[in-house]
Amino acid sequence: MFGENAACTPTVFRWEWSQEVKTSYHKKLITNSDLEMAGLLFLWLVMEAVCGTLREKRVALFSDNSPTVGWVRRLATKGSLVSAHLIRALALRLKLNSTCPLTPLHIAGEENSMTDIPSRSFGSNKKWHCKSNTELLTLFNSTFPLPGQTSWTVFQLTYAIGMRVTSVLRTTDFTLEEWRRLPKVGKIVGTAGPPMSGLWEWTLIYRTPRLPSASDSSQASQLGSGPDTTVEENKYKLAAYLAQSRPLDRRLLWPQIPTPQK
């Protein structure tokens, strides 16, 4: 999580799914897209806790899962009852915070290492395995050093909020009142780094972690593409989504002279 137009404390968090959730996934009772949608709900809850007020703020949520991006854009889905409930909870939290419409953006998986590291830090990838949040903070600071030698902040979700999201994945009935009044979301681990803004272009440095093969390099040369092109494409996508969420200009000015009443 990072700031662009408004300053925000650069924050990383993670949550390990319970064995019950993993079993439901392997039995195909829930899908990967359901888990991705739950991850974005977690992200929003962390933003509420870290950013303070989100009133009338423009918020972009990025994901490498196309169905999730489409669901967040429409705030609706017909394909998954689980994700429909997750979206319902997210929509309620947006309304309670008086936030501007969300800007969802798809980030290709191979360009998404900044998110892959915390999601794979529980042991599925040995080189990213972090036994503690302190190890996660050290790994993140060394892999994605922030400008000005500042530090990332690790946010630890509480068990209560984790179970609130997990209960939706378990298709447990819930009331909207449960999502109006939330338990404590979590806390910052250690010392919080300073709030920063203007980090969007900086993050694009880490959107191309995969080294191109000889054939990829040749094709990129022929098409005139490469890391710079990826950066420009992502900047264009973000600008386009932001433009869609802005109010249209009034074509005609309000009349300066009062209209006579008949």
# chains A, B, ... in the order shown; residues from 1 in each chain; ligands from 1

call {"tool": "residues_around", "arguments": {"residues": "A:Ser63", "least_positions_apart": "5", "cutoff": "8 Å", "atoms": "only C-alpha atoms", "output": "number ranges by chain"}}
result
A: 36, 40, 68-69, 104-107

call {"tool": "residues_around", "arguments": {"residues": "A:Ala91", "least_positions_apart": "5", "cutoff": "10 Å", "atoms": "only C-alpha atoms", "output": "ChimeraX atom specification"}}
result
/A:41,72,75-76,85-86,96-97,101-102

call {"tool": "write_last_selection", "arguments": {"atoms": "C-alpha atoms", "output": "mmCIF file, in the first residue's frame"}}
result
data_model
loop_
_atom_site.group_PDB
_atom_site.id
_atom_site.type_symbol
_atom_site.label_atom_id
_atom_site.label_comp_id
_atom_site.auth_asym_id
_atom_site.auth_seq_id
_atom_site.Cartn_x
_atom_site.Cartn_y
_atom_site.Cartn_z
ATOM 1 C CA LEU A 41 -11.132 -6.752 1.151
ATOM 2 C CA VAL A 72 -14.583 -4.563 -8.014
ATOM 3 C CA LEU A 75 -19.178 -3.963 -7.316
ATOM 4 C CA ALA A 76 -21.202 -6.996 -8.359
ATOM 5 C CA HIS A 85 -20.868 -11.442 -0.129
ATOM 6 C CA LEU A 86 -17.284 -10.136 -0.014
ATOM 7 C CA LEU A 96 -19.426 4.293 5.477
ATOM 8 C CA ASN A 97 -16.114 5.976 4.612
ATOM 9 C CA PRO A 101 -15.605 5.163 -6.608
ATOM 10 C CA LEU A 102 -12.722 2.698 -6.626
#

call {"tool": "select_by_dssp", "arguments": {"residues": "stretch 57-97 of chain A", "states": "alpha helix (DSSP H)", "output": "list in words"}}
result
Ser66, Pro67, Thr68, Val69, Gly70, Trp71, Val72, Arg73, Arg74, Leu81, Val82, Ser83, Ala84, His85, Leu86, Ile87, Arg88, Ala89, Leu90, Ala91, Leu92, Arg93, Leu94, Lys95, Leu96 and Asn97 of chain A

call {"tool": "write_last_selection", "arguments": {"atoms": "C-alpha atoms", "output": "PDB file, in the first residue's frame"}}
result
ATOM      1  CA  SER A  66      -8.952 -10.459 -13.922  1.00  0.00           C
ATOM      2  CA  PRO A  67     -12.326 -11.650 -12.518  1.00  0.00           C
ATOM      3  CA  THR A  68     -11.631  -9.842  -9.239  1.00  0.00           C
ATOM      4  CA  VAL A  69     -10.800  -6.609 -11.068  1.00  0.00           C
ATOM      5  CA  GLY A  70     -14.070  -6.842 -12.996  1.00  0.00           C
ATOM      6  CA  TRP A  71     -16.082  -7.534  -9.840  1.00  0.00           C
ATOM      7  CA  VAL A  72     -14.583  -4.563  -8.014  1.00  0.00           C
ATOM      8  CA  ARG A  73     -15.209  -2.311 -11.007  1.00  0.00           C
ATOM      9  CA  ARG A  74     -18.906  -3.252 -11.058  1.00  0.00           C
ATOM     10  CA  LEU A  81     -21.962 -16.302  -4.089  1.00  0.00           C
ATOM     11  CA  VAL A  82     -18.893 -16.093  -1.836  1.00  0.00           C
ATOM     12  CA  SER A  83     -17.398 -13.176  -3.750  1.00  0.00           C
ATOM     13  CA  ALA A  84     -20.816 -11.513  -3.949  1.00  0.00           C
ATOM     14  CA  HIS A  85     -20.868 -11.442  -0.129  1.00  0.00           C
ATOM     15  CA  LEU A  86     -17.284 -10.136  -0.014  1.00  0.00           C
ATOM     16  CA  ILE A  87     -18.201  -7.364  -2.469  1.00  0.00           C
ATOM     17  CA  ARG A  88     -21.258  -6.543  -0.401  1.00  0.00           C
ATOM     18  CA  ALA A  89     -19.039  -6.054   2.656  1.00  0.00           C
ATOM     19  CA  LEU A  90     -16.578  -3.933   0.664  1.00  0.00           C
ATOM     20  CA  ALA A  91     -19.356  -1.753  -0.775  1.00  0.00           C
ATOM     21  CA  LEU A  92     -20.714  -1.102   2.716  1.00  0.00           C
ATOM     22  CA  ARG A  93     -17.280  -0.063   4.006  1.00  0.00           C
ATOM     23  CA  LEU A  94     -16.876   2.279   1.004  1.00  0.00           C
ATOM     24  CA  LYS A  95     -20.207   3.907   1.776  1.00  0.00           C
ATOM     25  CA  LEU A  96     -19.426   4.293   5.477  1.00  0.00           C
ATOM     26  CA  ASN A  97     -16.114   5.976   4.612  1.00  0.00           C
TER      27      ASN A  97
END

call {"tool": "closest_residue", "arguments": {"among": "A:Leu61, A:Met196, A:Val21, A:Leu54", "to": "A:Ser98", "atoms": "only C-alpha atoms"}}
result
A:Leu54

call {"tool": "atom_distance", "arguments": {"atom1": "atom CA of A:His26", "atom2": "atom CA of A:Leu157"}}
result
24.7 Å

call {"tool": "closest_residue", "arguments": {"among": "A:Asn32, A:Thr158, A:Thr23, A:Thr11", "to": "A:Leu136", "atoms": "only C-alpha atoms"}}
result
A:Thr11

call {"tool": "closest_residue", "arguments": {"among": "A:Val46, A:Cys100, A:Val12, A:Ala60", "to": "A:Gly162", "atoms": "only C-alpha atoms"}}
result
A:Val46

call {"tool": "atom_distance", "arguments": {"atom1": "atom CA of A:Gly52", "atom2": "atom CA of A:Gly198"}}
result
18.6 Å

call {"tool": "atom_distance", "arguments": {"atom1": "atom CA of A:Arg207", "atom2": "atom CA of A:Ser119"}}
result
16.3 Å

call {"tool": "residues_around", "arguments": {"residues": "A:Pro118", "least_positions_apart": "3", "cutoff": "10 Å", "atoms": "only C-alpha atoms", "output": "list of chain:residue names"}}
result
A:Val12, A:Phe13, A:Arg14, A:Trp15, A:Glu16, A:Ser113, A:Met114, A:Thr115, A:Ser121, A:Phe122, A:Trp128, A:His129, A:Cys130, A:Asn133, A:Leu136, A:Leu137, A:Leu139, A:Phe140

call {"tool": "write_last_selection", "arguments": {"atoms": "C-alpha atoms", "output": "CSV table (one decimal), in the first residue's frame"}}
result
chain,number,residue,atom,x,y,z
A,12,VAL,CA,3.0,-4.3,3.7
A,13,PHE,CA,0.8,-7.0,5.3
A,14,ARG,CA,0.1,-10.6,5.0
A,15,TRP,CA,-2.5,-13.2,6.2
A,16,GLU,CA,-2.1,-17.0,6.2
A,113,SER,CA,6.4,-9.3,-7.4
A,114,MET,CA,5.7,-6.6,-4.9
A,115,THR,CA,2.5,-8.5,-3.9
A,121,SER,CA,6.2,-15.6,2.5
A,122,PHE,CA,4.7,-18.4,4.6
A,128,TRP,CA,10.8,-15.5,0.4
A,129,HIS,CA,10.1,-17.5,3.5
A,130,CYS,CA,9.7,-15.2,6.5
A,133,ASN,CA,7.1,-9.9,10.5
A,136,LEU,CA,9.3,-9.7,6.2
A,137,LEU,CA,10.2,-6.1,6.9
A,139,LEU,CA,13.1,-8.6,3.1
A,140,PHE,CA,10.8,-5.9,1.8

call {"tool": "residues_around", "arguments": {"residues": "A:Asn141", "least_positions_apart": "4", "cutoff": "8 Å", "atoms": "only C-alpha atoms", "output": "list in words"}}
result
Leu137, Pro145, Leu146, Ser151 and Trp152 of chain A

call {"tool": "write_last_selection", "arguments": {"atoms": "N, CA and C atoms", "output": "PDB file, in the first residue's frame"}}
result
ATOM      1  N   LEU A 137       9.779  -7.475   7.014  1.00  0.00           N
ATOM      2  CA  LEU A 137      10.174  -6.078   6.881  1.00  0.00           C
ATOM      3  C   LEU A 137      11.587  -5.968   6.308  1.00  0.00           C
ATOM      4  N   PRO A 145      13.712  -1.056  -1.867  1.00  0.00           N
ATOM      5  CA  PRO A 145      14.132   0.095  -1.044  1.00  0.00           C
ATOM      6  C   PRO A 145      13.401   1.368  -1.449  1.00  0.00           C
ATOM      7  N   LEU A 146      12.774   2.016  -0.487  1.00  0.00           N
ATOM      8  CA  LEU A 146      12.019   3.237  -0.736  1.00  0.00           C
ATOM      9  C   LEU A 146      12.951   4.419  -0.983  1.00  0.00           C
ATOM     10  N   SER A 151      11.803   3.573   5.517  1.00  0.00           N
ATOM     11  CA  SER A 151      11.461   2.172   5.751  1.00  0.00           C
ATOM     12  C   SER A 151       9.991   1.895   5.483  1.00  0.00           C
ATOM     13  N   TRP A 152       9.728   0.679   5.010  1.00  0.00           N
ATOM     14  CA  TRP A 152       8.369   0.194   4.932  1.00  0.00           C
ATOM     15  C   TRP A 152       7.823  -0.024   6.346  1.00  0.00           C
TER      16      TRP A 152
END

call {"tool": "select_by_dssp", "arguments": {"residues": "stretch 4-218 of chain A", "states": "strand (DSSP E or B)", "output": "short mmCIF file (atom, residue, chain, number, x, y, z; two decimals) with N, CA and C atoms, in the first residue's frame"}}
result
data_model
loop_
_atom_site.label_atom_id
_atom_site.label_comp_id
_atom_site.auth_asym_id
_atom_site.auth_seq_id
_atom_site.Cartn_x
_atom_site.Cartn_y
_atom_site.Cartn_z
N CYS A 8 0.76 8.71 2.27
CA CYS A 8 0.31 7.50 2.94
C CYS A 8 1.55 6.76 3.43
N THR A 11 3.03 0.54 3.33
CA THR A 11 2.71 -0.54 4.25
C THR A 11 2.62 -1.87 3.53
N VAL A 12 3.10 -2.92 4.18
CA VAL A 12 2.96 -4.29 3.67
C VAL A 12 2.30 -5.13 4.76
N PHE A 13 1.45 -6.07 4.35
CA PHE A 13 0.79 -6.95 5.31
C PHE A 13 0.63 -8.32 4.68
N ALA A 60 -7.09 3.33 -5.66
CA ALA A 60 -6.91 2.33 -6.71
C ALA A 60 -6.53 1.01 -6.06
N LEU A 61 -7.21 -0.06 -6.44
CA LEU A 61 -6.89 -1.40 -5.96
C LEU A 61 -6.37 -2.22 -7.14
N PHE A 62 -5.17 -2.75 -7.01
CA PHE A 62 -4.54 -3.51 -8.09
C PHE A 62 -4.60 -5.00 -7.78
N SER A 63 -4.75 -5.81 -8.83
CA SER A 63 -4.79 -7.26 -8.66
C SER A 63 -4.34 -7.93 -9.95
N THR A 103 -10.89 2.63 -8.20
CA THR A 103 -10.24 2.46 -9.49
C THR A 103 -9.54 1.12 -9.48
N PRO A 104 -10.15 0.06 -10.02
CA PRO A 104 -9.48 -1.25 -10.06
C PRO A 104 -8.59 -1.35 -11.30
N LEU A 105 -7.43 -1.94 -11.16
CA LEU A 105 -6.48 -2.05 -12.26
C LEU A 105 -5.83 -3.42 -12.24
N HIS A 106 -5.77 -4.05 -13.40
CA HIS A 106 -5.16 -5.37 -13.52
C HIS A 106 -3.65 -5.23 -13.71
N THR A 153 6.52 -0.16 6.44
CA THR A 153 5.85 -0.47 7.70
C THR A 153 5.10 -1.78 7.54
N VAL A 154 5.19 -2.66 8.52
CA VAL A 154 4.44 -3.92 8.51
C VAL A 154 3.21 -3.76 9.39
N PHE A 155 2.05 -4.17 8.84
CA PHE A 155 0.80 -4.11 9.58
C PHE A 155 0.34 -5.53 9.88
N GLN A 156 0.06 -5.80 11.15
CA GLN A 156 -0.38 -7.13 11.58
C GLN A 156 -1.89 -7.14 11.79
N LEU A 157 -2.60 -7.92 10.99
CA LEU A 157 -4.05 -8.06 11.14
C LEU A 157 -4.37 -8.84 12.41
N GLY A 186 -6.12 -4.22 13.35
CA GLY A 186 -4.75 -4.67 13.56
C GLY A 186 -3.89 -3.57 14.13
N LYS A 187 -2.59 -3.74 14.03
CA LYS A 187 -1.66 -2.76 14.57
C LYS A 187 -0.37 -2.75 13.76
N ILE A 188 0.33 -1.64 13.84
CA ILE A 188 1.62 -1.52 13.18
C ILE A 188 2.67 -2.25 14.01
N VAL A 189 3.51 -3.02 13.34
CA VAL A 189 4.57 -3.76 14.01
C VAL A 189 5.83 -2.92 14.02
N MET A 196 4.33 9.07 2.72
CA MET A 196 4.95 9.51 1.48
C MET A 196 3.90 9.58 0.38
#

call {"tool": "residues_around", "arguments": {"residues": "A:Ala6", "least_positions_apart": "4", "cutoff": "12 Å", "atoms": "only C-alpha atoms", "output": "ChimeraX atom specification"}}
result
/A:2,10,51,53-54,56-59,195-200

call {"tool": "closest_residue", "arguments": {"among": "A:Gly3, A:Pro147, A:Gly79, A:Pro183", "to": "A:Arg164", "atoms": "only C-alpha atoms"}}
result
A:Pro183
